[in-house]
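Colleague: File name work10.cif; file contents mmCIF, C-alpha atoms and all ligand atoms; full text below.
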data_upload
#
loop_
_atom_site.label_atom_id
_atom_site.label_comp_id
_atom_site.auth_asym_id
_atom_site.auth_seq_id
_atom_site.Cartn_x
_atom_site.Cartn_y
_atom_site.Cartn_z
CA MET A 15 0.00 0.00 0.00
CA LYS A 16 1.27 3.48 -0.88
CA MET A 17 2.36 5.57 2.13
CA SER A 18 1.36 9.23 2.46
CA GLY A 19 4.06 11.92 2.51
CA GLU A 20 3.64 12.36 6.24
CA ASP A 21 3.79 8.62 6.92
CA LYS A 22 7.01 8.42 4.88
CA LEU A 23 8.45 11.31 6.84
CA ILE A 24 7.59 9.65 10.16
CA GLU A 25 9.09 6.38 8.92
CA ARG A 26 12.33 8.23 8.03
CA ILE A 27 12.45 9.78 11.49
CA ARG A 28 11.72 6.45 13.19
CA ARG A 29 14.46 4.66 11.24
CA ARG A 30 17.13 7.20 12.23
CA ILE A 31 16.42 7.85 15.90
CA PRO A 32 16.45 5.21 18.67
CA SER A 33 12.83 4.14 19.32
CA ALA A 34 12.90 0.61 20.83
CA THR A 35 10.40 -0.34 23.57
CA ASP A 36 11.59 -1.54 27.00
CA GLY A 37 10.22 -2.41 30.47
CA VAL A 38 8.88 1.10 31.03
CA LEU A 39 7.85 1.90 27.46
CA ARG A 40 5.09 -0.59 26.61
CA LEU A 41 4.06 1.06 23.36
CA GLY A 42 6.34 3.44 21.45
CA ILE A 43 6.26 5.58 18.33
CA GLY A 44 3.77 4.76 15.58
CA ASP A 45 0.57 4.36 17.56
CA ASP A 46 -1.95 7.06 18.51
CA ALA A 47 -0.04 7.61 21.75
CA ALA A 48 2.89 6.03 23.59
CA VAL A 49 2.17 4.04 26.75
CA LEU A 50 4.52 4.14 29.75
CA ARG A 51 4.39 1.83 32.73
CA PRO A 52 5.79 3.70 35.77
CA VAL A 53 8.15 1.70 37.98
CA ALA A 54 7.41 1.69 41.73
CA GLY A 55 9.60 4.15 43.63
CA THR A 56 10.20 6.42 40.63
CA GLU A 57 8.88 9.77 39.46
CA TRP A 58 8.99 11.54 36.09
CA ALA A 59 10.41 14.93 35.23
CA ILE A 60 8.84 16.38 32.05
CA THR A 61 9.66 19.53 30.12
CA CYS A 62 9.50 20.94 26.59
CA ASP A 63 11.76 23.23 24.60
CA GLN A 64 11.37 25.08 21.30
CA PHE A 65 14.17 25.49 18.77
CA ILE A 66 13.12 27.87 16.03
CA GLU A 67 14.84 29.04 12.86
CA GLY A 68 15.66 32.73 13.06
CA VAL A 69 15.19 32.76 16.85
CA HIS A 70 17.52 30.04 18.14
CA PHE A 71 19.48 29.10 15.01
CA LEU A 72 20.21 30.26 11.46
CA VAL A 73 20.24 27.77 8.57
CA ASP A 74 23.14 29.51 6.81
CA VAL A 75 25.30 29.46 9.99
CA HIS A 76 24.32 26.26 11.80
CA SER A 77 24.64 22.92 10.00
CA PRO A 78 21.59 20.62 10.12
CA GLU A 79 23.61 18.25 12.36
CA VAL A 80 24.24 21.07 14.84
CA VAL A 81 20.54 22.00 14.81
CA GLY A 82 19.44 18.42 15.56
CA TYR A 83 22.07 17.89 18.25
CA LYS A 84 21.59 21.22 19.98
CA ALA A 85 17.77 21.08 19.97
CA LEU A 86 17.89 17.87 22.00
CA ALA A 87 20.84 18.94 24.20
CA ARG A 88 18.99 22.09 25.32
CA ALA A 89 15.87 20.16 26.27
CA THR A 90 17.87 17.45 28.04
CA SER A 91 19.75 20.03 30.10
CA ASP A 92 16.51 20.81 31.95
CA LEU A 93 16.25 17.14 32.97
CA ALA A 94 19.89 17.19 34.15
CA ALA A 95 19.02 20.23 36.29
CA MET A 96 16.37 18.18 38.13
CA GLY A 97 18.77 15.27 38.67
CA ALA A 98 16.71 13.02 36.38
CA ILE A 99 17.87 10.21 34.07
CA PRO A 100 16.88 11.19 30.49
CA ARG A 101 14.61 8.44 29.07
CA PHE A 102 12.14 9.47 26.38
CA PHE A 103 11.28 12.32 24.05
CA LEU A 104 8.56 13.48 21.67
CA MET A 105 9.16 15.73 18.68
CA SER A 106 6.78 18.17 17.03
CA LEU A 107 8.41 19.25 13.81
CA MET A 108 7.32 22.07 11.53
CA LEU A 109 9.25 21.99 8.30
CA PRO A 110 9.08 23.87 4.98
CA ALA A 111 8.99 21.51 1.99
CA SER A 112 12.44 22.74 0.89
CA ARG A 113 14.01 21.29 4.09
CA SER A 114 12.41 17.85 3.96
CA GLY A 115 15.25 16.22 1.95
CA ARG A 116 18.99 16.42 2.70
CA TRP A 117 18.54 19.04 5.42
CA LEU A 118 16.18 16.79 7.37
CA ASP A 119 18.55 13.82 7.03
CA GLY A 120 21.38 15.90 8.50
CA MET A 121 19.19 17.21 11.31
CA LEU A 122 18.06 13.67 12.19
CA ALA A 123 21.68 12.45 12.17
CA GLY A 124 22.61 15.15 14.72
CA MET A 125 19.55 14.45 16.84
CA SER A 126 20.14 10.71 16.71
CA SER A 127 23.71 11.08 17.95
CA ALA A 128 22.46 13.31 20.80
CA ALA A 129 19.72 10.78 21.66
CA GLU A 130 22.24 7.94 21.85
CA HIS A 131 24.62 10.05 23.90
CA PHE A 132 21.98 11.11 26.43
CA GLY A 133 20.13 7.75 26.56
CA LEU A 134 16.90 9.05 25.01
CA THR A 135 14.33 7.06 23.03
CA LEU A 136 11.90 8.74 20.64
CA ILE A 137 8.32 7.76 21.59
CA GLY A 138 6.19 9.94 19.34
CA GLY A 139 5.55 13.29 17.79
CA ASP A 140 3.86 15.21 15.06
CA THR A 141 4.91 16.77 11.75
CA ALA A 142 3.47 19.68 9.78
CA GLN A 143 4.54 21.64 6.74
CA SER A 144 5.54 25.14 7.60
CA PRO A 145 3.79 28.04 5.85
CA GLY A 146 5.77 31.21 4.84
CA VAL A 147 8.05 32.24 1.33
CA GLY A 148 8.17 29.89 -1.74
CA ALA A 149 5.01 28.01 -2.63
CA HIS A 150 3.90 24.58 -1.41
CA SER A 151 0.51 22.97 -1.01
CA SER A 152 -1.49 22.98 2.20
CA ARG A 153 -5.09 22.40 3.10
CA PHE A 154 -5.51 26.10 2.30
CA GLY A 155 -4.13 25.64 -1.24
CA LYS A 156 -0.71 26.92 -2.34
CA VAL A 157 1.04 28.83 0.45
CA ALA A 158 4.53 30.33 0.83
CA ASP A 159 7.46 28.30 2.23
CA GLY A 160 8.32 28.94 5.84
CA LYS A 161 10.55 28.46 8.87
CA ILE A 162 11.75 25.36 10.69
CA ALA A 163 10.44 24.84 14.21
CA ILE A 164 11.44 21.90 16.41
CA ASN A 165 9.51 21.41 19.61
CA LEU A 166 10.84 18.67 21.88
CA THR A 167 9.24 17.21 24.99
CA VAL A 168 11.66 15.21 27.13
CA LEU A 169 10.90 12.83 29.99
CA GLY A 170 13.35 11.83 32.70
CA GLU A 171 13.05 9.26 35.46
CA LEU A 172 14.27 9.65 39.02
CA GLU A 173 13.86 8.20 42.48
CA THR A 174 10.70 9.38 44.28
CA GLY A 175 11.32 12.59 46.20
CA LYS A 176 14.83 13.18 44.83
CA ALA A 177 14.09 15.94 42.28
CA VAL A 178 15.74 19.26 43.16
CA GLY A 179 13.92 22.50 42.36
CA ARG A 180 14.92 26.17 42.47
CA SER A 181 13.21 27.16 45.68
CA GLY A 182 15.30 25.43 48.36
CA ALA A 183 18.26 27.84 48.72
CA ARG A 184 18.73 29.15 52.28
CA ARG A 185 20.81 31.90 53.85
CA GLY A 186 24.40 30.72 54.31
CA ASP A 187 24.27 28.15 51.49
CA ILE A 188 27.26 28.13 49.15
CA VAL A 189 26.67 28.86 45.44
CA PHE A 190 28.37 26.65 42.82
CA VAL A 191 28.50 26.53 39.03
CA THR A 192 29.81 23.80 36.72
CA GLY A 193 31.94 24.26 33.63
CA GLU A 194 33.23 27.46 32.11
CA LEU A 195 30.99 30.54 31.99
CA GLY A 196 30.59 32.45 28.72
CA ALA A 197 32.09 29.88 26.33
CA ALA A 198 28.89 29.45 24.30
CA GLN A 199 28.27 33.19 24.15
CA LEU A 200 31.82 33.67 22.84
CA GLY A 201 30.88 31.49 19.86
CA LEU A 202 27.73 33.51 19.30
CA GLU A 203 29.71 36.78 19.42
CA LEU A 204 31.90 35.45 16.58
CA ILE A 205 28.76 34.67 14.55
CA LEU A 206 27.27 38.10 15.28
CA ARG A 207 30.51 39.71 14.07
CA GLY A 208 30.57 37.52 10.94
CA ILE A 209 34.03 36.10 11.76
CA HIS A 210 32.97 32.56 12.71
CA ARG A 211 34.26 31.11 9.39
CA GLN A 212 37.84 32.24 10.04
CA ARG A 213 39.82 29.07 10.66
CA ARG A 214 41.70 30.37 13.73
CA TRP A 215 38.42 31.00 15.63
CA LYS A 216 36.62 27.77 14.63
CA PRO A 217 37.53 25.85 17.83
CA LEU A 218 35.79 28.61 19.82
CA LEU A 219 32.42 27.60 18.28
CA THR A 220 32.32 24.16 19.91
CA ALA A 221 30.62 25.27 23.14
CA HIS A 222 27.98 27.17 21.15
CA ASN A 223 27.30 24.32 18.73
CA HIS A 224 27.70 21.23 20.92
CA PRO A 225 26.71 21.97 24.52
CA HIS A 226 26.93 19.05 26.99
CA PRO A 227 24.01 18.77 29.39
CA ALA A 228 25.41 17.94 32.87
CA ILE A 229 23.49 14.67 33.19
CA LYS A 230 25.99 12.67 35.29
CA LEU A 231 26.80 15.66 37.46
CA GLY A 232 23.14 16.41 38.17
CA ARG A 233 22.53 12.75 39.04
CA TRP A 234 25.55 12.63 41.33
CA LEU A 235 24.49 15.76 43.19
CA VAL A 236 20.94 14.56 43.89
CA ARG A 237 22.04 11.04 44.83
CA GLN A 238 24.52 12.43 47.36
CA ARG A 239 21.72 14.63 48.78
CA LEU A 240 24.06 17.62 48.77
CA VAL A 241 22.09 20.33 46.99
CA SER A 242 19.34 22.61 48.31
CA ALA A 243 18.45 24.21 44.95
CA MET A 244 19.54 23.60 41.38
CA MET A 245 18.89 24.78 37.81
CA ASP A 246 20.73 24.83 34.52
CA ILE A 247 22.27 28.03 33.17
CA SER A 248 20.54 28.60 29.84
CA ASP A 249 20.03 32.37 29.75
CA GLY A 250 23.19 33.56 31.53
CA LEU A 251 24.37 33.45 35.16
CA SER A 252 23.00 36.89 36.09
CA THR A 253 19.51 36.08 34.78
CA ASP A 254 19.34 32.49 36.03
CA LEU A 255 20.77 33.30 39.48
CA ALA A 256 18.12 36.01 39.84
CA ARG A 257 15.47 33.36 39.04
CA LEU A 258 16.86 30.95 41.63
CA CYS A 259 17.02 33.70 44.28
CA ARG A 260 13.48 34.86 43.51
CA ALA A 261 12.14 31.28 43.75
CA SER A 262 13.96 30.78 47.08
CA HIS A 263 13.17 34.28 48.49
CA VAL A 264 16.86 34.98 49.13
CA GLY A 265 19.70 37.15 47.82
CA ALA A 266 23.27 36.21 46.89
CA ARG A 267 26.82 37.57 47.01
CA ILE A 268 29.00 36.41 44.13
CA ASN A 269 32.80 36.75 44.23
CA GLU A 270 33.94 38.07 40.90
CA GLN A 271 37.43 36.57 41.10
CA ARG A 272 35.97 33.08 41.68
CA LEU A 273 33.97 32.98 38.45
CA PRO A 274 35.23 30.34 35.98
CA VAL A 275 35.46 32.88 33.18
CA VAL A 276 36.00 31.75 29.57
CA SER A 277 39.38 32.80 28.22
CA VAL A 278 39.13 35.20 25.30
CA PRO A 279 42.12 35.47 22.91
CA ASP A 280 43.77 38.93 22.72
CA GLY A 281 42.70 39.33 19.08
CA LEU A 282 39.05 39.11 20.13
CA GLN A 283 39.40 41.31 23.22
CA ALA A 284 40.61 43.94 20.78
CA LYS A 285 37.27 43.57 18.97
CA GLY A 286 35.46 44.51 22.15
CA ILE A 287 34.62 41.01 23.42
CA ASP A 288 34.76 41.20 27.22
CA ALA A 289 35.29 37.86 28.99
CA LYS A 290 33.72 39.02 32.26
CA ALA A 291 30.53 40.18 30.53
CA LEU A 292 30.32 36.85 28.67
CA ALA A 293 30.68 34.94 31.95
CA LEU A 294 28.09 37.01 33.82
CA HIS A 295 25.44 37.37 31.14
CA GLY A 296 26.19 34.91 28.29
CA GLY A 297 23.57 32.25 27.58
CA ASP A 298 23.57 28.70 26.19
CA ASP A 299 26.33 27.21 28.39
CA TYR A 300 24.03 24.62 30.03
CA GLY A 301 26.19 24.11 33.10
CA LEU A 302 24.49 23.72 36.48
CA LEU A 303 23.93 26.45 39.05
CA PHE A 304 23.31 24.98 42.51
CA THR A 305 23.42 25.75 46.22
CA VAL A 306 24.75 23.56 49.01
CA PRO A 307 24.26 23.96 52.79
CA ARG A 308 27.55 25.30 54.18
CA ARG A 309 28.30 22.20 56.32
CA LYS A 310 28.13 20.01 53.18
CA ALA A 311 30.08 22.32 50.85
CA ALA A 312 33.41 20.57 51.51
CA SER A 313 31.89 17.38 50.02
CA ILE A 314 31.73 18.99 46.58
CA PRO A 315 34.90 18.13 44.60
CA SER A 316 36.49 20.83 42.42
CA GLU A 317 36.12 18.54 39.43
CA LEU A 318 33.47 15.93 38.65
CA PHE A 319 33.22 13.73 35.53
CA GLY A 320 35.86 15.87 33.87
CA THR A 321 33.96 19.12 34.51
CA GLU A 322 35.21 21.98 36.66
CA VAL A 323 33.00 22.73 39.71
CA SER A 324 33.47 26.23 41.14
CA GLN A 325 32.36 27.77 44.41
CA ILE A 326 31.37 31.32 43.41
CA GLY A 327 29.63 32.87 46.39
CA GLU A 328 26.98 32.53 49.06
CA ILE A 329 23.26 32.93 49.64
CA VAL A 330 22.22 35.82 51.90
CA SER A 331 18.90 36.93 53.34
CA GLY A 332 16.95 39.66 51.59
CA ASN A 333 16.53 39.85 47.83
CA ARG A 334 19.70 41.59 46.60
CA VAL A 335 22.10 39.83 44.26
CA GLN A 336 25.52 41.46 44.43
CA LEU A 337 28.85 41.05 42.74
CA ILE A 338 31.87 41.44 45.03
CA SER A 339 35.01 42.62 43.26
CA ALA A 340 38.56 41.61 44.23
CA ASN A 341 38.91 44.74 46.43
CA GLY A 342 35.68 43.92 48.29
CA LYS A 343 33.46 46.46 46.56
CA ALA A 344 29.85 45.32 46.15
CA THR A 345 27.79 46.24 43.07
CA PRO A 346 24.30 45.01 42.12
CA LEU A 347 24.40 42.04 39.72
CA LEU A 348 21.49 42.88 37.44
CA PRO A 349 19.93 40.20 35.21
CA LYS A 350 21.36 41.07 31.79
CA GLY A 351 21.29 37.63 30.21
CA TRP A 352 18.83 36.56 27.53
CA ASP A 353 15.34 37.92 27.89
CA HIS A 354 13.14 36.24 25.30
CA PHE A 355 10.54 39.00 25.49
CA SER A 356 12.73 42.10 25.85
MG MG B 401 16.38 25.34 32.63
#
Represent the supplied structure as structure tokens.
Ligand SMILES: [Mg+2]
Modeller:
Amino acid sequence: MKMSGEDKLIERIRRRIPSATDGVLRLGIGDDAAVLRPVAGTEWAITCDQFIEGVHFLVDVHSPEVVGYKALARATSDLAAMGAIPRFFLMSLMLPASRSGRWLDGMLAGMSSAAEHFGLTLIGGDTAQSPGVGAHSSRFGKVADGKIAINLTVLGELETGKAVGRSGARRGDIVFVTGELGAAQLGLELILRGIHRQRRWKPLLTAHNHPHPAIKLGRWLVRQRLVSAMMDISDGLSTDLARLCRASHVGARINEQRLPVVSVPDGLQAKGIDAKALALHGGDDYGLLFTVPRRKAASIPSELFGTEVSQIGEIVSGNRVQLISANGKATPLLPKGWDHFS
């Protein structure tokens, strides 16, 4: 029997991305809905993330492999921030007809490698043709060709009661971050300046293109019962720390000289790229920001699973977030990271 265009598309997706059933997943992709059988003593963390052409990526800058990888890495980072084990995902894909050939194959290859890396199985989704410039057919007749939009819902499993939210930080807790701050934003600055194709700067794009969600680190922290609050840094330290403090009804004092600041080559500093600003406000790093009660802080190693873990300050009462410079001067740390509605 002849398959419809959409059925063929779904079959192509299913063939490329891991989708096997297991003890928890009774019924996977291809039916009206997936069926999960929860295991006693476990809970599920669920979140969704949009990755949209022209908003989060550009087709003439980011390869289809990067788009597929990064879309899933961003979503998975939110599971890591809860301390969950990534298990399943669903994909809603809006695609212009012009991207349904080679571009889609590349995107699926990137997404498939991310899925294997993070331990994720595709359990369902939906596809639609995107309206916009360049004609294609729709139920409304011929319409213009449009943008790519990838919407991913990810599900993670964790032990009952172990999930760590943003609201548990208390006065006196120590503030930590993982990884280097500002590395992904440095890559974006190169793109914004149109110098990302210069061979000498290419290695600086890795953090922007291939972020690593801190899955093992998040798991380790919740299993050791060390953290009082945790989130991932997606929109920049200043913006995400403000969110954590607001949720916990506390303030924070951050020591500037303790920040794990990305190193910026001299040639780029000369172009006005400021490492400190990248570290404070740069988005897309996907490290973890977490707080630990002071008596437990010594149990946090300075490196875990090959990632640097830095103690950057402390939680205080009140609602002020301040940056303390090397000479002890305190200035307000205002949220200047990404604001999607600014
Ligand atoms: Mg997040």
Colleague: Return as a PyMOL selection string the residues of protein, DNA or RNA that approach ligand MG 401 (chain B) to within 7 Å, with all atoms listed in the file taken into account.
Modeller: chain A and resi 91-92+95+245-248
Colleague: Find the residues of stretch 205-258 of chain A that sit at most 12 Å from stretch 70-84 of chain A; for each, write down the nearest two atoms and how far apart they are in Å, to one decimal. Count all atoms listed in the file. Sort by chain, then by number going up, and give it as a Markdown table.
Modeller:
| residue | atom | partner | partner_atom | distance |
| --- | --- | --- | --- | --- |
| A:Ile205 | CA | A:Val75 | CA | 7.7 |
| A:Leu206 | CA | A:Val75 | CA | 10.3 |
| A:Gly208 | CA | A:Val75 | CA | 9.7 |
| A:Ile209 | CA | A:Val75 | CA | 11.1 |
| A:His210 | CA | A:Val75 | CA | 8.7 |
| A:Arg211 | CA | A:Val75 | CA | 9.1 |
| A:Leu219 | CA | A:His76 | CA | 10.5 |
| A:Thr220 | CA | A:Val80 | CA | 10.0 |
| A:Ala221 | CA | A:Lys84 | CA | 10.4 |
| A:His222 | CA | A:Lys84 | CA | 8.8 |
| A:Asn223 | CA | A:Val80 | CA | 5.9 |
| A:His224 | CA | A:Lys84 | CA | 6.2 |
| A:Pro225 | CA | A:Lys84 | CA | 6.9 |
| A:His226 | CA | A:Lys84 | CA | 9.1 |
| A:Pro227 | CA | A:Lys84 | CA | 10.0 |
Colleague: Let me make sure I understand: among A:Val278, A:Ile137, A:Ala312, A:Leu204, which one has the smallest atom-to-atom distance to A:Val49 if we use only C-alpha atoms?
Modeller: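 So, comparing all the options, the nearest one is A:Ile137.
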Colleague: Which residues come within 8 Å of A:Leu86, counting all atoms listed in the file, excluding same-chain residues fewer than 6 positions away, as a PyMOL selection string?
Modeller: chain A and resi 125+128-129+166
Colleague: Just C-alpha atoms for this one: save the residues we selected as a compact mmCIF listing (two decimals), keeping the file's coordinate frame.
Modeller:
# COMPACT_ATOMS: atom_id res chain seq x y z
CA MET A 125 19.55 14.45 16.84
CA ALA A 128 22.46 13.31 20.80
CA ALA A 129 19.72 10.78 21.66
CA LEU A 166 10.84 18.67 21.88
Colleague: What are the closest atom pairs, with distances in Å to one decimal, for each residue of stretch 167-187 of chain A lying within 12 Å of stretch 314-333 of chain A, using all atoms listed in the file, rows by chain and rising residue number, as a Markdown table?
Modeller:
| residue | atom | partner | partner_atom | distance |
| --- | --- | --- | --- | --- |
| A:Gly182 | CA | A:Ile329 | CA | 11.0 |
| A:Ala183 | CA | A:Ile329 | CA | 7.2 |
| A:Arg184 | CA | A:Ile329 | CA | 6.5 |
| A:Arg185 | CA | A:Val330 | CA | 4.6 |
| A:Gly186 | CA | A:Ile329 | CA | 5.3 |
| A:Asp187 | CA | A:Ile329 | CA | 5.2 |
Colleague: From the list A:Met121, A:Val191, A:Ile27, A:Ala311, which residue is nearest A:Ala228 when using only C-alpha atoms?
Modeller: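 Of all the options, A:Val191 lies closest to A:Ala228.
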Colleague: One number please: atom CA of A:Ala266 to atom CA of A:Thr305, in Å, one decimal.
Modeller: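 For atom CA of A:Ala266 relative to atom CA of A:Thr305, the distance reads 10.5 Å.
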Colleague: Atom CA of A:Glu173 to atom CA of A:Leu41: how many Å, to one decimal?
Modeller: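 Atom CA of A:Leu41 lies 22.6 Å from atom CA of A:Glu173.
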Colleague: Expressed in Å to a single decimal, how great is the separation between atom CA of A:Thr56 and atom CA of A:Ser181?
Modeller: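 Here the two named atoms are 21.6 Å from each other.
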Colleague: From the set A:Phe103, A:Phe132, A:Trp352, A:Trp117, which residue has the shortest atom-to-atom contact distance to A:Leu39, counting only C-alpha atoms?
Modeller: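 Among the listed residues, the smallest separation from A:Leu39 belongs to A:Phe103.
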Colleague: Would you please work out which residue, of A:Arg30, A:Arg272, A:Lys290, A:Lys230, is nearest to A:Gly120 when using all atoms listed in the file?
Modeller: A:Arg30
Colleague: Calculated over all atoms listed in the file, which of the candidates A:Glu57, A:Glu270, A:Asp119, A:Asp140 has the smallest distance to A:Ala289?
Modeller: A:Glu270
Colleague: Ranking A:Ser277, A:Ser127, A:Asn165, A:Gln212 by minimum distance to A:Ala85 and counting only C-alpha atoms, which one comes first?
Modeller: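 So, comparing all the options, the nearest one is A:Asn165.
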